[in-house]
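S.K.: For reference, this is upload_9.cif, and it has mmCIF, C-alpha atoms.
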data_structure
loop_
_atom_site.group_PDB
_atom_site.id
_atom_site.type_symbol
_atom_site.label_atom_id
_atom_site.label_comp_id
_atom_site.auth_asym_id
_atom_site.auth_seq_id
_atom_site.Cartn_x
_atom_site.Cartn_y
_atom_site.Cartn_z
ATOM 1 C CA MET A 1 8.664 19.173 -20.133
ATOM 2 C CA LEU A 2 11.233 16.353 -20.421
ATOM 3 C CA ARG A 3 8.711 13.875 -19.054
ATOM 4 C CA ILE A 4 6.139 14.915 -21.666
ATOM 5 C CA VAL A 5 8.672 14.493 -24.471
ATOM 6 C CA THR A 6 9.687 11.046 -23.155
ATOM 7 C CA VAL A 7 6.086 9.859 -22.995
ATOM 8 C CA TRP A 8 5.495 11.212 -26.525
ATOM 9 C CA LEU A 9 8.535 9.354 -27.861
ATOM 10 C CA LEU A 10 7.344 6.129 -26.249
ATOM 11 C CA ALA A 11 3.917 6.554 -27.829
ATOM 12 C CA VAL A 12 5.427 7.202 -31.241
ATOM 13 C CA SER A 13 7.686 4.150 -30.882
ATOM 14 C CA LEU A 14 4.726 1.927 -30.126
ATOM 15 C CA LEU A 15 2.789 3.293 -33.093
ATOM 16 C CA LEU A 16 5.764 2.631 -35.354
ATOM 17 C CA GLY A 17 6.047 -0.928 -34.075
ATOM 18 C CA ALA A 18 9.299 -0.420 -32.162
ATOM 19 C CA ARG A 19 9.895 -2.538 -29.082
ATOM 20 C CA VAL A 20 10.716 -0.746 -25.833
ATOM 21 C CA LEU A 21 13.364 -1.985 -23.409
ATOM 22 C CA LYS A 22 12.522 -2.693 -19.781
ATOM 23 C CA GLY A 23 14.879 -1.758 -16.976
ATOM 24 C CA GLU A 24 15.493 -5.352 -15.868
ATOM 25 C CA TYR A 25 15.455 -8.842 -17.391
ATOM 26 C CA PRO A 26 15.994 -12.282 -15.819
ATOM 27 C CA PHE A 27 18.354 -14.803 -17.407
ATOM 28 C CA SER A 28 19.328 -18.401 -16.714
ATOM 29 C CA ASP A 29 21.720 -19.055 -19.597
ATOM 30 C CA PRO A 30 24.829 -16.825 -19.460
ATOM 31 C CA SER A 31 24.549 -16.411 -23.238
ATOM 32 C CA VAL A 32 21.958 -13.639 -23.494
ATOM 33 C CA THR A 33 20.135 -13.595 -26.814
ATOM 34 C CA ALA A 34 17.552 -11.443 -28.545
ATOM 35 C CA ARG A 35 14.781 -13.736 -27.318
ATOM 36 C CA THR A 36 15.931 -13.288 -23.726
ATOM 37 C CA LEU A 37 14.544 -9.772 -24.106
ATOM 38 C CA PHE A 38 11.739 -10.440 -26.595
ATOM 39 C CA PRO A 39 10.616 -14.121 -26.532
ATOM 40 C CA ASP A 40 8.255 -13.667 -29.497
ATOM 41 C CA LEU A 41 11.001 -12.383 -31.801
ATOM 42 C CA GLU A 42 11.362 -14.330 -35.067
ATOM 43 C CA GLN A 43 15.116 -13.756 -35.332
ATOM 44 C CA GLU A 44 17.420 -15.285 -32.728
ATOM 45 C CA PHE A 45 20.970 -13.991 -32.280
ATOM 46 C CA SER A 46 23.484 -13.585 -29.475
ATOM 47 C CA LEU A 47 23.858 -10.247 -27.686
ATOM 48 C CA PHE A 48 26.573 -10.950 -25.095
ATOM 49 C CA VAL A 49 27.769 -13.476 -22.514
ATOM 50 C CA VAL A 50 27.456 -12.748 -18.790
ATOM 51 C CA PRO A 51 30.646 -13.579 -16.849
ATOM 52 C CA ALA A 52 30.231 -16.744 -14.785
ATOM 53 C CA HIS A 53 30.788 -14.974 -11.431
ATOM 54 C CA LYS A 54 28.130 -12.301 -12.105
ATOM 55 C CA SER A 55 24.559 -12.616 -10.820
ATOM 56 C CA ARG A 56 23.668 -9.049 -11.883
ATOM 57 C CA TYR A 57 25.037 -7.523 -15.068
ATOM 58 C CA ARG A 58 24.457 -4.048 -16.505
ATOM 59 C CA VAL A 59 24.554 -3.150 -20.185
ATOM 60 C CA SER A 60 23.988 0.286 -21.662
ATOM 61 C CA ALA A 61 20.622 0.620 -23.375
ATOM 62 C CA GLU A 62 22.346 2.259 -26.353
ATOM 63 C CA THR A 63 24.492 -0.858 -26.902
ATOM 64 C CA LEU A 64 21.396 -3.051 -27.056
ATOM 65 C CA VAL A 65 19.508 -0.655 -29.332
ATOM 66 C CA ASP A 66 22.470 -0.663 -31.750
ATOM 67 C CA ALA A 67 22.709 -4.476 -31.670
ATOM 68 C CA PHE A 68 19.081 -4.810 -32.727
ATOM 69 C CA ALA A 69 19.371 -1.999 -35.278
ATOM 70 C CA ARG A 70 22.146 -3.897 -37.055
ATOM 71 C CA ARG A 71 19.604 -6.686 -37.586
ATOM 72 C CA GLY A 72 16.988 -4.249 -38.858
ATOM 73 C CA ILE A 73 14.893 -4.476 -35.688
ATOM 74 C CA ALA A 74 13.548 -1.238 -34.195
ATOM 75 C CA VAL A 75 14.102 -1.093 -30.425
ATOM 76 C CA GLU A 76 13.743 1.995 -28.241
ATOM 77 C CA ALA A 77 15.543 2.620 -24.941
ATOM 78 C CA GLY A 78 12.570 4.547 -23.545
ATOM 79 C CA ARG A 79 13.538 6.031 -20.196
ATOM 80 C CA GLU A 80 16.305 3.526 -19.524
ATOM 81 C CA ARG A 81 20.018 4.382 -19.748
ATOM 82 C CA TYR A 82 21.199 1.010 -18.463
ATOM 83 C CA ILE A 83 19.525 -2.401 -18.537
ATOM 84 C CA THR A 84 20.136 -4.831 -15.673
ATOM 85 C CA PHE A 85 20.196 -8.576 -16.254
ATOM 86 C CA VAL A 86 19.551 -10.698 -13.142
ATOM 87 C CA ARG A 87 20.486 -14.375 -13.017
ATOM 88 C CA SER A 88 17.362 -16.429 -12.261
ATOM 89 C CA SER A 89 17.616 -18.242 -8.942
ATOM 90 C CA PRO A 90 15.976 -21.646 -8.414
ATOM 91 C CA VAL A 91 15.064 -20.678 -4.827
ATOM 92 C CA ASP A 92 11.367 -21.168 -4.010
ATOM 93 C CA THR A 93 10.022 -17.687 -3.204
ATOM 94 C CA ALA A 94 6.389 -18.787 -2.687
ATOM 95 C CA PRO A 95 6.726 -18.930 1.138
ATOM 96 C CA ILE A 96 8.225 -15.427 1.094
ATOM 97 C CA ALA A 97 5.356 -14.159 -1.079
ATOM 98 C CA ALA A 98 2.920 -15.688 1.436
ATOM 99 C CA LYS A 99 4.571 -13.750 4.262
ATOM 100 C CA ILE A 100 4.328 -10.553 2.200
ATOM 101 C CA THR A 101 0.624 -11.279 1.617
ATOM 102 C CA ASP A 102 0.044 -11.667 5.379
ATOM 103 C CA TYR A 103 1.956 -8.461 6.124
ATOM 104 C CA TYR A 104 0.080 -6.271 3.648
ATOM 105 C CA THR A 105 -3.285 -7.826 4.534
ATOM 106 C CA MET A 106 -2.660 -6.967 8.184
ATOM 107 C CA HIS A 107 -2.173 -3.284 7.285
ATOM 108 C CA TYR A 108 -4.748 -3.200 4.460
ATOM 109 C CA PRO A 109 -7.592 -5.641 5.284
ATOM 110 C CA SER A 110 -9.429 -4.633 2.088
ATOM 111 C CA ILE A 111 -6.451 -5.374 -0.196
ATOM 112 C CA ARG A 112 -6.921 -7.460 -3.356
ATOM 113 C CA ILE A 113 -3.535 -8.831 -4.419
ATOM 114 C CA ARG A 114 -3.080 -9.873 -8.049
ATOM 115 C CA HIS A 115 0.593 -10.791 -8.030
ATOM 116 C CA ILE A 116 3.720 -10.561 -5.884
ATOM 117 C CA ALA A 117 7.124 -10.615 -7.559
ATOM 118 C CA VAL A 118 10.050 -11.655 -5.347
ATOM 119 C CA THR A 119 13.592 -11.414 -6.746
ATOM 120 C CA PRO A 120 16.819 -12.399 -4.919
ATOM 121 C CA ARG A 121 19.419 -9.637 -4.753
ATOM 122 C CA VAL A 122 22.121 -12.223 -5.521
ATOM 123 C CA TYR A 123 22.016 -15.675 -7.051
ATOM 124 C CA THR A 124 20.358 -17.899 -4.457
ATOM 125 C CA PRO A 125 20.026 -21.635 -5.141
ATOM 126 C CA GLY A 126 17.826 -22.238 -2.098
ATOM 127 C CA LEU A 127 17.170 -21.529 1.562
ATOM 128 C CA PRO A 128 17.477 -23.928 4.499
ATOM 129 C CA ALA A 129 14.482 -24.992 6.557
ATOM 130 C CA GLY A 130 13.506 -22.760 9.443
ATOM 131 C CA TYR A 131 14.331 -19.393 7.911
ATOM 132 C CA THR A 132 12.359 -16.302 8.957
ATOM 133 C CA VAL A 133 11.214 -13.390 6.791
ATOM 134 C CA HIS A 134 11.747 -9.808 7.975
ATOM 135 C CA LEU A 135 10.061 -6.699 6.548
ATOM 136 C CA GLY A 136 10.618 -3.151 7.791
ATOM 137 C CA ASP A 137 8.031 -1.620 10.117
ATOM 138 C CA ASN A 138 7.063 0.940 7.470
ATOM 139 C CA SER A 139 7.250 -1.324 4.421
ATOM 140 C CA PHE A 140 3.472 -1.104 3.999
ATOM 141 C CA LYS A 141 3.855 2.531 2.922
ATOM 142 C CA SER A 142 5.172 1.370 -0.453
ATOM 143 C CA ALA A 143 4.150 -1.309 -2.961
ATOM 144 C CA GLU A 144 7.768 -2.375 -3.393
ATOM 145 C CA GLY A 145 10.792 -2.754 -1.207
ATOM 146 C CA THR A 146 13.521 -5.013 0.139
ATOM 147 C CA LEU A 147 13.264 -7.701 2.803
ATOM 148 C CA TYR A 148 15.585 -10.362 4.109
ATOM 149 C CA ALA A 149 15.262 -14.031 4.951
ATOM 150 C CA GLU A 150 17.354 -15.073 7.970
ATOM 151 C CA THR A 151 18.532 -18.645 8.368
ATOM 152 C CA PRO A 152 18.739 -20.398 11.763
ATOM 153 C CA ALA A 153 22.517 -19.821 11.569
ATOM 154 C CA GLY A 154 21.960 -16.069 11.292
ATOM 155 C CA LYS A 155 22.844 -15.658 7.607
ATOM 156 C CA LYS A 156 20.726 -13.116 5.735
ATOM 157 C CA PHE A 157 19.540 -13.315 2.127
ATOM 158 C CA PHE A 158 18.076 -10.129 0.663
ATOM 159 C CA PHE A 159 15.177 -10.016 -1.794
ATOM 160 C CA ASP A 160 13.474 -7.234 -3.729
ATOM 161 C CA TYR A 161 9.707 -7.486 -4.020
ATOM 162 C CA ARG A 162 6.803 -5.706 -5.674
ATOM 163 C CA VAL A 163 3.107 -6.072 -4.845
ATOM 164 C CA ASP A 164 0.564 -5.602 -7.623
ATOM 165 C CA ALA A 165 -2.705 -4.936 -5.817
ATOM 166 C CA ASP A 166 -5.745 -2.718 -5.355
ATOM 167 C CA VAL A 167 -7.101 -1.606 -1.981
ATOM 168 C CA GLY A 168 -10.749 -0.995 -1.117
ATOM 169 C CA VAL A 169 -11.326 2.544 0.165
ATOM 170 C CA LEU A 170 -14.019 5.081 0.961
ATOM 171 C CA ARG A 171 -14.087 8.431 -0.854
ATOM 172 C CA THR A 172 -15.877 11.627 0.019
ATOM 173 C CA ARG A 173 -18.862 12.500 -2.187
ATOM 174 C CA SER A 174 -18.380 16.201 -1.499
ATOM 175 C CA ARG A 175 -16.219 18.558 0.537
ATOM 176 C CA LEU A 176 -16.592 17.585 4.199
ATOM 177 C CA LYS A 177 -15.777 19.731 7.209
ATOM 178 C CA ARG A 178 -13.994 18.661 10.348
ATOM 179 C CA GLY A 179 -16.415 16.924 12.697
ATOM 180 C CA SER A 180 -18.653 15.623 9.894
ATOM 181 C CA LEU A 181 -20.206 12.223 10.606
ATOM 182 C CA LEU A 182 -19.549 9.674 7.890
ATOM 183 C CA VAL A 183 -22.812 8.289 6.536
ATOM 184 C CA PRO A 184 -23.791 6.579 3.248
ATOM 185 C CA GLY A 185 -24.915 9.922 1.882
ATOM 186 C CA ASN A 186 -21.486 11.580 2.024
ATOM 187 C CA VAL A 187 -19.087 8.683 1.301
ATOM 188 C CA THR A 188 -18.834 6.172 -1.528
ATOM 189 C CA PRO A 189 -16.835 2.913 -1.817
ATOM 190 C CA GLY A 190 -14.073 2.519 -4.386
ATOM 191 C CA SER A 191 -10.563 1.183 -4.852
ATOM 192 C CA VAL A 192 -7.108 2.563 -5.606
ATOM 193 C CA PRO A 193 -3.807 0.947 -6.598
ATOM 194 C CA LEU A 194 -1.583 0.118 -3.641
ATOM 195 C CA THR A 195 1.056 2.370 -5.220
ATOM 196 C CA GLU A 196 -1.139 5.410 -4.435
ATOM 197 C CA LEU A 197 -1.356 4.757 -0.688
ATOM 198 C CA LYS A 198 1.128 5.731 2.010
ATOM 199 C CA ALA A 199 -1.130 4.908 4.977
ATOM 200 C CA PRO A 200 -4.044 2.538 5.714
ATOM 201 C CA PRO A 201 -7.402 3.792 4.425
ATOM 202 C CA LEU A 202 -10.833 3.622 6.001
ATOM 203 C CA TYR A 203 -12.604 0.958 3.947
ATOM 204 C CA ALA A 204 -15.820 0.508 5.954
ATOM 205 C CA ALA A 205 -17.786 2.963 8.080
ATOM 206 C CA PRO A 206 -21.014 1.930 9.805
ATOM 207 C CA ASP A 207 -23.553 4.737 9.634
ATOM 208 C CA GLY A 208 -22.412 7.503 11.984
ATOM 209 C CA ALA A 209 -19.648 5.439 13.636
ATOM 210 C CA TYR A 210 -16.838 7.795 12.547
ATOM 211 C CA ARG A 211 -16.344 11.531 12.205
ATOM 212 C CA LEU A 212 -13.628 13.529 10.478
ATOM 213 C CA LYS A 213 -10.694 15.031 12.367
ATOM 214 C CA ARG A 214 -9.932 17.405 9.479
ATOM 215 C CA LEU A 215 -11.473 18.947 6.393
ATOM 216 C CA LEU A 216 -11.404 16.783 3.261
ATOM 217 C CA ARG A 217 -11.959 17.852 -0.334
ATOM 218 C CA GLU A 218 -14.433 16.223 -2.677
ATOM 219 C CA ASP A 219 -13.468 12.734 -3.932
ATOM 220 C CA ALA A 220 -10.689 12.413 -1.360
ATOM 221 C CA VAL A 221 -9.574 8.985 -0.165
ATOM 222 C CA ILE A 222 -10.370 8.780 3.555
ATOM 223 C CA LEU A 223 -7.439 7.458 5.589
ATOM 224 C CA MET A 224 -7.631 6.041 9.103
ATOM 225 C CA ARG A 225 -5.647 9.010 10.376
ATOM 226 C CA HIS A 226 -8.371 11.339 9.064
ATOM 227 C CA VAL A 227 -11.071 9.934 11.352
ATOM 228 C CA GLU A 228 -11.946 9.185 14.930
ATOM 229 C CA ARG A 229 -14.738 7.211 16.516
ATOM 230 C CA ALA A 230 -17.866 9.331 16.707
ATOM 231 C CA PRO A 231 -18.893 9.917 20.334
ATOM 232 C CA LEU A 232 -21.957 8.132 21.703
ATOM 233 C CA VAL A 233 -22.803 11.343 23.484
ATOM 234 C CA ASN A 234 -22.375 14.770 21.903
ATOM 235 C CA ARG A 235 -21.872 17.976 23.836
ATOM 236 C CA GLY A 236 -25.206 19.767 24.274
ATOM 237 C CA ALA A 237 -27.266 16.629 23.673
ATOM 238 C CA GLU A 238 -30.011 15.514 26.017
ATOM 239 C CA VAL A 239 -29.092 12.248 27.730
ATOM 240 C CA SER A 240 -30.882 9.688 29.848
ATOM 241 C CA ALA A 241 -29.112 9.571 33.225
ATOM 242 C CA THR A 242 -29.438 6.689 35.677
ATOM 243 C CA LEU A 243 -28.549 6.920 39.380
ATOM 244 C CA LYS A 244 -28.586 3.854 41.610
ATOM 245 C CA ALA A 245 -29.218 4.658 45.273
ATOM 246 C CA GLY A 246 -29.282 1.395 47.236
ATOM 247 C CA GLN A 247 -32.065 -0.715 45.740
ATOM 248 C CA VAL A 248 -33.669 2.302 44.105
ATOM 249 C CA LEU A 249 -33.004 3.198 40.459
ATOM 250 C CA ILE A 250 -33.577 6.841 39.616
ATOM 251 C CA GLN A 251 -33.753 8.054 36.017
ATOM 252 C CA PHE A 252 -33.867 11.627 34.781
ATOM 253 C CA ARG A 253 -32.940 13.753 31.790
ATOM 254 C CA ALA A 254 -29.704 15.744 31.760
ATOM 255 C CA THR A 255 -27.610 17.763 29.320
ATOM 256 C CA ALA A 256 -24.171 16.578 28.244
ATOM 257 C CA LEU A 257 -21.467 19.199 28.720
ATOM 258 C CA GLN A 258 -18.824 17.157 26.861
ATOM 259 C CA ASP A 259 -18.495 14.639 24.048
ATOM 260 C CA GLY A 260 -17.971 11.070 25.239
ATOM 261 C CA GLY A 261 -17.350 7.558 23.968
ATOM 262 C CA ILE A 262 -18.172 4.297 25.721
ATOM 263 C CA HIS A 263 -16.964 4.273 29.372
ATOM 264 C CA ASP A 264 -15.739 7.901 29.158
ATOM 265 C CA ILE A 265 -16.415 10.057 32.208
ATOM 266 C CA ILE A 266 -18.081 13.320 31.198
ATOM 267 C CA ALA A 267 -19.766 16.258 32.892
ATOM 268 C CA VAL A 268 -23.557 16.506 32.652
ATOM 269 C CA GLN A 269 -25.974 19.103 33.949
ATOM 270 C CA LYS A 270 -29.163 18.175 35.810
ATOM 271 C CA PRO A 271 -32.435 20.056 35.221
ATOM 272 C CA ASP A 272 -31.831 22.032 38.451
ATOM 273 C CA GLY A 273 -28.500 23.296 37.078
ATOM 274 C CA GLN A 274 -26.251 21.063 39.180
ATOM 275 C CA ARG A 275 -23.184 19.706 37.353
ATOM 276 C CA ILE A 276 -22.112 16.126 38.053
ATOM 277 C CA GLN A 277 -19.810 13.462 36.579
ATOM 278 C CA ALA A 278 -21.290 10.520 34.697
ATOM 279 C CA VAL A 279 -20.066 7.456 32.785
ATOM 280 C CA VAL A 280 -21.144 6.943 29.168
ATOM 281 C CA VAL A 281 -22.795 3.518 28.848
ATOM 282 C CA GLY A 282 -24.540 3.801 25.469
ATOM 283 C CA GLU A 283 -25.869 6.186 22.865
ATOM 284 C CA ASN A 284 -27.104 9.231 24.804
ATOM 285 C CA ARG A 285 -27.141 7.174 28.019
ATOM 286 C CA VAL A 286 -25.036 7.778 31.121
ATOM 287 C CA GLU A 287 -24.777 6.386 34.615
ATOM 288 C CA ILE A 288 -23.990 8.359 37.732
ATOM 289 C CA GLU A 289 -21.866 6.527 40.243
#
Translate the structure described by the file into structure tokens.

M.R.:
Amino acid sequence: MLRIVTVWLLAVSLLLGARVLKGEYPFSDPSVTARTLFPDLEQEFSLFVVPAHKSRYRVSAETLVDAFARRGIAVEAGRERYITFVRSSPVDTAPIAAKITDYYTMHYPSIRIRHIAVTPRVYTPGLPAGYTVHLGDNSFKSAEGTLYAETPAGKKFFFDYRVDADVGVLRTRSRLKRGSLLVPGNVTPGSVPLTELKAPPLYAAPDGAYRLKRLLREDAVILMRHVERAPLVNRGAEVSATLKAGQVLIQFRATALQDGGIHDIIAVQKPDGQRIQAVVVGENRVEIE
């Protein structure tokens, strides 16, 4: 209920022309002014001065709202109780953003990145040559997080980052049961914001190459953990069996008693009822050693 009221208040504020505060603002000049928050504002006036030793400074949203109100400017706090001001660092974060791009592309090959924001946790004038970037093993499960850059001397600089991106996915056209083969008729391509994913999705599925390991509802995003490679041989299917005896190659039909992928050893049954072991070498093809 509170969330609904908050969203309604924000909507009303926008309709009335009120500006809405963000949770964080960068600054370079310690004298923070109205245009630090709203660059297009016609009036310019001082709000406060950040102490010289501070790289992050918090101010209550109510204090800022009151300061603007005294000038006849409507500003809403929105959902924010405190606003954080972060001193802009001249450090070049482009190489760090490139590492983030490589990391997320490795986990989400179908990702389309629009922008990566990288912000130092503390004022950082620069980094020495030879530093390395470290992200957590599970960082890909979120679109934002914290990483650190380590210098050759072992000193660590921490950065917050946020990735604005979409990821190509496959969705189910209808409710699919466990064991269903994925074919163009029951899946459709699409995309979702990175913020909606906690695990890598399946973004391409050659006809019949994958099958589901679990039931999925209609219009569900298919994740890699939901699927497995479809077997080349299905239990109960008729297979072409090849037996090499010296220089003689014998071929006959048999029945698969198990599912099998390439190079799997499965049991098959000959026409006379004898059960033997065979190696899967292709689609509905096995070899008997």

S.K.: What lies within 10 Å of range 152-155 of chain A using only C-alpha atoms, ignoring chain neighbours under 6 positions off, as an mmCIF file with C-alpha atoms, in the frame of the given file?

M.R.:
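Written output follows (around02.cif):
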data_model
loop_
_atom_site.group_PDB
_atom_site.id
_atom_site.type_symbol
_atom_site.label_atom_id
_atom_site.label_comp_id
_atom_site.auth_asym_id
_atom_site.auth_seq_id
_atom_site.Cartn_x
_atom_site.Cartn_y
_atom_site.Cartn_z
ATOM 1 C CA PRO A 128 17.477 -23.928 4.499
ATOM 2 C CA ALA A 129 14.482 -24.992 6.557
ATOM 3 C CA GLY A 130 13.506 -22.760 9.443
ATOM 4 C CA TYR A 131 14.331 -19.393 7.911
ATOM 5 C CA THR A 132 12.359 -16.302 8.957
#

S.K.: Given all atoms listed in the file as the basis, pick out the residue of A:Pro39, A:Gly145, A:Gly273, A:Gly179 nearest to Leu216 in chain A.

M.R.: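 Result for the nearest residue to Leu216 in chain A: A:Gly179.
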
S.K.: Considering all atoms listed in the file, can you say which of A:Gly260, A:Ile288, A:Asp164, A:Gly23 comes closest to Lys244 in chain A?

M.R.: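 Going through A:Gly260, A:Ile288, A:Asp164, A:Gly23 one by one, the smallest distance to Lys244 in chain A is for A:Ile288.
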
S.K.: Given the file above and the PyMOL selection byres ((chain A and resi 30) around 8), which residues are selected, and can you give them as a short mmCIF file (atom, residue, chain, number, x, y, z; two decimals) with C-alpha atoms, keeping the file's coordinate frame?

M.R.:
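Wrote it out as expr_1.cif, contents follow:
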data_model
loop_
_atom_site.label_atom_id
_atom_site.label_comp_id
_atom_site.auth_asym_id
_atom_site.auth_seq_id
_atom_site.Cartn_x
_atom_site.Cartn_y
_atom_site.Cartn_z
CA PHE A 27 18.35 -14.80 -17.41
CA SER A 28 19.33 -18.40 -16.71
CA ASP A 29 21.72 -19.06 -19.60
CA SER A 31 24.55 -16.41 -23.24
CA VAL A 32 21.96 -13.64 -23.49
CA VAL A 49 27.77 -13.48 -22.51
CA VAL A 50 27.46 -12.75 -18.79
CA PRO A 51 30.65 -13.58 -16.85
CA ALA A 52 30.23 -16.74 -14.78
#

S.K.: Report the residues retrieved by the PyMOL selection byres ((chain A and resi 202) around 12) from the displayed file, expressed as a VMD selection string.

M.R.: chain A and resid 107 to 111 167 to 172 182 187 to 191 197 199 to 201 203 to 206 209 to 212 220 to 229

S.K.: Contacts of Arg87 in chain A at 8 Å or less, counting all atoms listed in the file, minus same-chain residues fewer than 4 places along, as an NGL selection string?

M.R.: :A and (26-28 or 54-56 or 122-123)

S.K.: Determine the nearest neighbour of Asp66 in chain A from the options A:Val192, A:Leu47, A:Ile116, A:Ile83, counting all atoms listed in the file.

M.R.: A:Leu47

S.K.: If you apply the PyMOL selection byres ((chain A and resi 233) around 6) to this file, what residues do you get, as a ChimeraX atom specification?

M.R.: /A:231-232,234,259-260,284

S.K.: Can I get the selection written as a short mmCIF file (atom, residue, chain, number, x, y, z; two decimals), keeping the file's coordinate frame, with C-alpha atoms?

M.R.:
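Result written to result-v1.cif:
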data_model
loop_
_atom_site.label_atom_id
_atom_site.label_comp_id
_atom_site.auth_asym_id
_atom_site.auth_seq_id
_atom_site.Cartn_x
_atom_site.Cartn_y
_atom_site.Cartn_z
CA PRO A 231 -18.89 9.92 20.33
CA LEU A 232 -21.96 8.13 21.70
CA ASN A 234 -22.38 14.77 21.90
CA ASP A 259 -18.50 14.64 24.05
CA GLY A 260 -17.97 11.07 25.24
CA ASN A 284 -27.10 9.23 24.80
#

S.K.: If you measure from CA of Ser142 in chain A to CA of Leu194 in chain A, what distance in Å do you get, rounded to one decimal?

M.R.: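 CA of Ser142 in chain A sits 7.6 Å away from CA of Leu194 in chain A.
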
S.K.: Taking all atoms listed in the file into account, which of A:Asp272, A:Asp160, A:Glu196, A:Asp264 comes nearest Glu287 in chain A?

M.R.: A:Asp264

S.K.: What separation in Å, quoted to one decimal, exists between CA of Arg114 in chain A and CA of Ala165 in chain A?

M.R.: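 Spanning CA of Arg114 in chain A to CA of Ala165 in chain A is a straight-line distance of 5.4 Å.
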
S.K.: Do you have the CA of Val20 in chain A-CA of Leu41 in chain A distance handy?

M.R.: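 Interatomic distance, CA of Val20 in chain A to CA of Leu41 in chain A: 13.1 Å.
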
S.K.: Using only C-alpha atoms, determine which residues lie at most 12 Å from Thr242 in chain A, disregarding the query and same-chain residues fewer than 6 positions distant; provide the list as a PDB file with C-alpha atoms, in the frame of the given file.

M.R.:
ATOM      1  CA  VAL A 248     -33.669   2.302  44.105  1.00  0.00           C
ATOM      2  CA  LEU A 249     -33.004   3.198  40.459  1.00  0.00           C
ATOM      3  CA  ILE A 250     -33.577   6.841  39.616  1.00  0.00           C
ATOM      4  CA  GLN A 251     -33.753   8.054  36.017  1.00  0.00           C
ATOM      5  CA  PHE A 252     -33.867  11.627  34.781  1.00  0.00           C
ATOM      6  CA  ARG A 253     -32.940  13.753  31.790  1.00  0.00           C
ATOM      7  CA  ALA A 254     -29.704  15.744  31.760  1.00  0.00           C
ATOM      8  CA  VAL A 268     -23.557  16.506  32.652  1.00  0.00           C
ATOM      9  CA  LYS A 270     -29.163  18.175  35.810  1.00  0.00           C
ATOM     10  CA  GLN A 277     -19.810  13.462  36.579  1.00  0.00           C
ATOM     11  CA  ALA A 278     -21.290  10.520  34.697  1.00  0.00           C
ATOM     12  CA  VAL A 279     -20.066   7.456  32.785  1.00  0.00           C
ATOM     13  CA  VAL A 280     -21.144   6.943  29.168  1.00  0.00           C
ATOM     14  CA  VAL A 281     -22.795   3.518  28.848  1.00  0.00           C
ATOM     15  CA  GLY A 282     -24.540   3.801  25.469  1.00  0.00           C
ATOM     16  CA  ASN A 284     -27.104   9.231  24.804  1.00  0.00           C
ATOM     17  CA  ARG A 285     -27.141   7.174  28.019  1.00  0.00           C
ATOM     18  CA  VAL A 286     -25.036   7.778  31.121  1.00  0.00           C
ATOM     19  CA  GLU A 287     -24.777   6.386  34.615  1.00  0.00           C
ATOM     20  CA  ILE A 288     -23.990   8.359  37.732  1.00  0.00           C
ATOM     21  CA  GLU A 289     -21.866   6.527  40.243  1.00  0.00           C
TER      22      GLU A 289
END

S.K.: Need the neighbours of (9.0, -10.6, 6.3): which residues are at most 10 Å away, counting all atoms listed in the file, as a PDB file with C-alpha atoms, in the frame of the given file?

M.R.:
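See part_21.pdb below for the written result:
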ATOM      1  CA  ILE A  96       8.225 -15.427   1.094  1.00  0.00           C
ATOM      2  CA  ALA A  97       5.356 -14.159  -1.079  1.00  0.00           C
ATOM      3  CA  ALA A  98       2.920 -15.688   1.436  1.00  0.00           C
ATOM      4  CA  LYS A  99       4.571 -13.750   4.262  1.00  0.00           C
ATOM      5  CA  ILE A 100       4.328 -10.553   2.200  1.00  0.00           C
ATOM      6  CA  THR A 101       0.624 -11.279   1.617  1.00  0.00           C
ATOM      7  CA  ASP A 102       0.044 -11.667   5.379  1.00  0.00           C
ATOM      8  CA  TYR A 103       1.956  -8.461   6.124  1.00  0.00           C
ATOM      9  CA  THR A 132      12.359 -16.302   8.957  1.00  0.00           C
ATOM     10  CA  VAL A 133      11.214 -13.390   6.791  1.00  0.00           C
ATOM     11  CA  HIS A 134      11.747  -9.808   7.975  1.00  0.00           C
ATOM     12  CA  LEU A 135      10.061  -6.699   6.548  1.00  0.00           C
ATOM     13  CA  GLY A 136      10.618  -3.151   7.791  1.00  0.00           C
ATOM     14  CA  ASP A 137       8.031  -1.620  10.117  1.00  0.00           C
ATOM     15  CA  SER A 139       7.250  -1.324   4.421  1.00  0.00           C
ATOM     16  CA  THR A 146      13.521  -5.013   0.139  1.00  0.00           C
ATOM     17  CA  LEU A 147      13.264  -7.701   2.803  1.00  0.00           C
ATOM     18  CA  TYR A 148      15.585 -10.362   4.109  1.00  0.00           C
ATOM     19  CA  ALA A 149      15.262 -14.031   4.951  1.00  0.00           C
ATOM     20  CA  GLU A 150      17.354 -15.073   7.970  1.00  0.00           C
TER      21      GLU A 150
END

S.K.: Under the rule that only C-alpha atoms are counted, which of A:Gly208, A:Phe158, A:Arg217, A:Thr151 is the nearest residue to Ser174 in chain A?

M.R.: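 Among the listed residues, A:Arg217 lies closest to Ser174 in chain A.
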